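Working notes for the structure below.
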Amino acid sequence: MAIESAKYKVAAHEGSLELRDYPPIVIAVAAVDGTRSHAVNAGFRLLADYIFGTNQWTSRIAMTAPVTQSTRSSGVPLMTNIEHCSSWTISFMMPAGYAMQSLPAPTDIRVHFERAPARRLAAIRFSGFWSNANLECHEIQLLRWLHMEHVTALSAPIYAYYDPPWIPWFLRRIEVLIEVSSNW
């Protein structure tokens, strides 16, 4: 079953590291408190309920990838200490062809829509377990690359999960994304 993924153009790459340009998209968002693993599971359930028909029109909306997760802490941290984060934003992009006004309204007040603007993101792609240690290890690699290239991070890291839990850990696609200046 083909799942629509976020579109982007690669502006530069070095091994598993990429600089990507993303167009504007509409995203469904849920804010969840708790540990990273609790938040991504709880946020996913809220957003999945919405796309599976718990909405104003009881209309199903196609699943997309990735599910993204970012901390709601203020400022741009040098390095996210995942163990100490307790406020998270979980999001799904809405399928191409939907505008905010053409989507059925959520019936759960914890779900809302946002327009994500066009932006440039630095990315590192990897596989493995969805553990804090694996995410932090790759986040460090991405931040080192940005530092070596003299690029300033404009956002906290965004964790992107592309696969369902039944996919074997060694086949999973996971990414850490950080927004950077569009003139880099």
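Residue numbers start at 1 in each chain; chains themselves are named A, B, ... in the order of the structure tokens; ligands are numbered from 1 in the order shown.
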
| field | DSSP strand (DSSP E) selection over stretch 84-148 of chain A, as a list in words | value | Ser87, Trp88, Thr89, Ile90, Ser91, Phe92, Met93, Val111, His112, Phe113, Glu114, Arg115, Ala116, Arg119, Arg120, Leu121, Ala122, Ala123, Ile124, Arg125 and Phe126 of chain A

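Within stretch 56-107 of chain A, the backbone-based DSSP assignment of helix (DSSP H, G or I) covers Ile82, Glu83, His84, Met100, Gln101 and Ser102 of chain A.
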
Output of the above residues as a PDB file, in the first residue's frame, restricted to N, CA and C atoms:
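Ended up saving to selection06.pdb:
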```
ATOM      1  N   ILE A  82      16.400  14.710  25.425  1.00  0.00           N
ATOM      2  CA  ILE A  82      15.100  14.069  25.264  1.00  0.00           C
ATOM      3  C   ILE A  82      14.526  13.623  26.598  1.00  0.00           C
ATOM      4  N   GLU A  83      15.376  13.160  27.504  1.00  0.00           N
ATOM      5  CA  GLU A  83      14.901  12.662  28.799  1.00  0.00           C
ATOM      6  C   GLU A  83      14.202  13.749  29.613  1.00  0.00           C
ATOM      7  N   HIS A  84      14.552  15.011  29.394  1.00  0.00           N
ATOM      8  CA  HIS A  84      13.983  16.097  30.190  1.00  0.00           C
ATOM      9  C   HIS A  84      12.865  16.862  29.486  1.00  0.00           C
ATOM     10  N   MET A 100      -6.723  23.941   4.016  1.00  0.00           N
ATOM     11  CA  MET A 100      -7.287  23.953   5.367  1.00  0.00           C
ATOM     12  C   MET A 100      -8.813  24.019   5.337  1.00  0.00           C
ATOM     13  N   GLN A 101      -9.352  24.803   4.409  1.00  0.00           N
ATOM     14  CA  GLN A 101     -10.803  24.969   4.352  1.00  0.00           C
ATOM     15  C   GLN A 101     -11.525  23.760   3.752  1.00  0.00           C
ATOM     16  N   SER A 102     -10.812  22.855   3.109  1.00  0.00           N
ATOM     17  CA  SER A 102     -11.474  21.684   2.519  1.00  0.00           C
ATOM     18  C   SER A 102     -11.381  20.436   3.407  1.00  0.00           C
TER      19      SER A 102
END
```

| query | So which residues touch stretch 24-41 of chain A within 9 Å, counting only C-alpha atoms, skipping near sequence neighbours fewer than 4 positions away, as a PyMOL selection string? | reply | chain A and resi 6+45-47+50+67-69+71-72+82-96+98-100+110-119+130-132

Take the residues that were just selected and, keeping N, CA and C atoms, output them as a CSV table (one decimal), in the first residue's frame.
```
chain,number,residue,atom,x,y,z
A,6,ALA,N,6.1,13.2,2.4
A,6,ALA,CA,6.4,14.7,2.3
A,6,ALA,C,7.3,14.8,1.1
A,45,ARG,N,-2.3,8.5,18.1
A,45,ARG,CA,-3.7,8.0,18.3
A,45,ARG,C,-4.7,9.1,18.0
A,46,LEU,N,-4.4,10.3,18.6
A,46,LEU,CA,-5.3,11.4,18.4
A,46,LEU,C,-5.5,11.7,16.9
A,47,LEU,N,-4.3,11.8,16.2
A,47,LEU,CA,-4.3,12.2,14.8
A,47,LEU,C,-4.9,11.1,13.9
A,50,TYR,N,-8.6,11.1,14.0
A,50,TYR,CA,-9.1,12.2,13.1
A,50,TYR,C,-9.1,11.7,11.6
A,67,VAL,N,5.2,10.7,10.4
A,67,VAL,CA,4.7,11.3,11.7
A,67,VAL,C,5.9,12.1,12.2
A,68,THR,N,5.6,13.3,12.6
A,68,THR,CA,6.7,14.1,13.1
A,68,THR,C,6.5,14.5,14.6
A,69,GLN,N,7.6,14.7,15.3
A,69,GLN,CA,7.5,15.0,16.7
A,69,GLN,C,8.6,16.0,17.0
A,71,THR,N,9.8,19.1,20.2
A,71,THR,CA,9.5,19.6,21.6
A,71,THR,C,8.9,21.0,21.5
A,72,ARG,N,8.0,21.3,22.5
A,72,ARG,CA,7.4,22.6,22.5
A,72,ARG,C,8.1,23.6,23.4
A,82,ILE,N,16.4,14.7,25.4
A,82,ILE,CA,15.1,14.1,25.3
A,82,ILE,C,14.5,13.6,26.6
A,83,GLU,N,15.4,13.2,27.5
A,83,GLU,CA,14.9,12.7,28.8
A,83,GLU,C,14.2,13.7,29.6
A,84,HIS,N,14.6,15.0,29.4
A,84,HIS,CA,14.0,16.1,30.2
A,84,HIS,C,12.9,16.9,29.5
A,85,CYS,N,12.5,16.5,28.3
A,85,CYS,CA,11.4,17.2,27.5
A,85,CYS,C,10.1,16.5,28.0
A,86,SER,N,9.1,17.3,28.2
A,86,SER,CA,7.8,16.8,28.6
A,86,SER,C,6.7,17.4,27.8
A,87,SER,N,6.9,18.3,26.9
A,87,SER,CA,5.9,18.9,26.1
A,87,SER,C,6.2,18.7,24.6
A,88,TRP,N,5.3,18.1,23.9
A,88,TRP,CA,5.6,17.7,22.5
A,88,TRP,C,4.5,18.0,21.6
A,89,THR,N,4.9,18.3,20.3
A,89,THR,CA,3.9,18.5,19.2
A,89,THR,C,4.1,17.3,18.3
A,90,ILE,N,3.0,16.6,18.0
A,90,ILE,CA,3.0,15.5,17.0
A,90,ILE,C,2.2,16.0,15.8
A,91,SER,N,2.6,15.7,14.6
A,91,SER,CA,1.9,16.1,13.4
A,91,SER,C,1.9,15.1,12.3
A,92,PHE,N,0.9,15.2,11.5
A,92,PHE,CA,0.7,14.5,10.2
A,92,PHE,C,0.6,15.5,9.1
A,93,MET,N,1.2,15.4,8.0
A,93,MET,CA,0.9,16.3,6.9
A,93,MET,C,-0.4,15.8,6.3
A,94,MET,N,-1.2,16.7,5.8
A,94,MET,CA,-2.4,16.3,5.1
A,94,MET,C,-2.1,16.0,3.6
A,95,PRO,N,-2.8,15.1,3.0
A,95,PRO,CA,-2.5,14.7,1.6
A,95,PRO,C,-2.6,15.9,0.7
A,96,ALA,N,-1.8,15.8,-0.4
A,96,ALA,CA,-1.8,16.9,-1.4
A,96,ALA,C,-3.2,17.0,-1.9
A,98,TYR,N,-5.5,18.9,-0.4
A,98,TYR,CA,-6.3,19.4,0.7
A,98,TYR,C,-5.8,20.8,1.1
A,99,ALA,N,-6.7,21.7,1.2
A,99,ALA,CA,-6.4,23.0,1.8
A,99,ALA,C,-7.1,23.0,3.2
A,100,MET,N,-6.7,23.9,4.0
A,100,MET,CA,-7.3,24.0,5.4
A,100,MET,C,-8.8,24.0,5.3
A,110,ARG,N,-8.3,18.7,20.9
A,110,ARG,CA,-6.8,18.6,21.0
A,110,ARG,C,-6.1,18.5,19.6
A,111,VAL,N,-6.9,18.4,18.6
A,111,VAL,CA,-6.4,18.4,17.2
A,111,VAL,C,-6.7,19.7,16.5
A,112,HIS,N,-5.7,20.2,15.8
A,112,HIS,CA,-6.0,21.5,15.0
A,112,HIS,C,-5.1,21.4,13.8
A,113,PHE,N,-5.3,22.4,12.9
A,113,PHE,CA,-4.5,22.5,11.7
A,113,PHE,C,-3.6,23.7,11.7
A,114,GLU,N,-2.4,23.5,11.0
A,114,GLU,CA,-1.5,24.6,10.8
A,114,GLU,C,-1.0,24.6,9.4
A,115,ARG,N,-0.6,25.7,8.9
A,115,ARG,CA,0.1,25.8,7.6
A,115,ARG,C,1.6,25.8,7.9
A,116,ALA,N,2.3,24.8,7.5
A,116,ALA,CA,3.8,24.8,7.6
A,116,ALA,C,4.3,25.6,6.4
A,117,PRO,N,5.1,26.6,6.6
A,117,PRO,CA,5.6,27.4,5.4
A,117,PRO,C,6.7,26.6,4.7
A,118,ALA,N,7.0,27.1,3.5
A,118,ALA,CA,8.1,26.5,2.8
A,118,ALA,C,9.3,26.8,3.6
A,119,ARG,N,10.2,25.8,3.7
A,119,ARG,CA,11.4,25.9,4.5
A,119,ARG,C,12.5,25.0,4.1
A,130,TRP,N,13.5,3.2,17.8
A,130,TRP,CA,13.0,4.5,18.1
A,130,TRP,C,13.4,4.9,19.5
A,131,SER,N,14.6,4.7,19.9
A,131,SER,CA,15.0,5.0,21.2
A,131,SER,C,15.6,6.4,21.3
A,132,ASN,N,15.5,6.9,22.6
A,132,ASN,CA,16.1,8.3,22.8
A,132,ASN,C,17.6,8.3,22.4
```

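Shortest separation to A:Asn81 among A:Ala153, A:His13, A:Leu146, A:Ile140 occurs at residue A:Ile140, atoms counted being only C-alpha atoms.
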
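Take atom CA of A:Leu17 and atom CA of A:Trp169: the distance between them is 20.2 Å.
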
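When only C-alpha atoms are used to compute distances to A:Gly43, the closest of the residues A:Asp163, A:Asp108, A:Ser155, A:Thr58 turns out to be A:Asp108.
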
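Straight-line separation from atom CA of A:Ile124 to atom CA of A:Pro23: 18.8 Å.
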
| Of the residues A:Val10, A:Phe129, A:Ser181, A:Glu136, which is the one nearest to A:Trp166, using only C-alpha atoms? | A:Phe129

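We find atom CA of A:Arg172 and atom CA of A:Leu154 to be spaced 27.0 Å apart.
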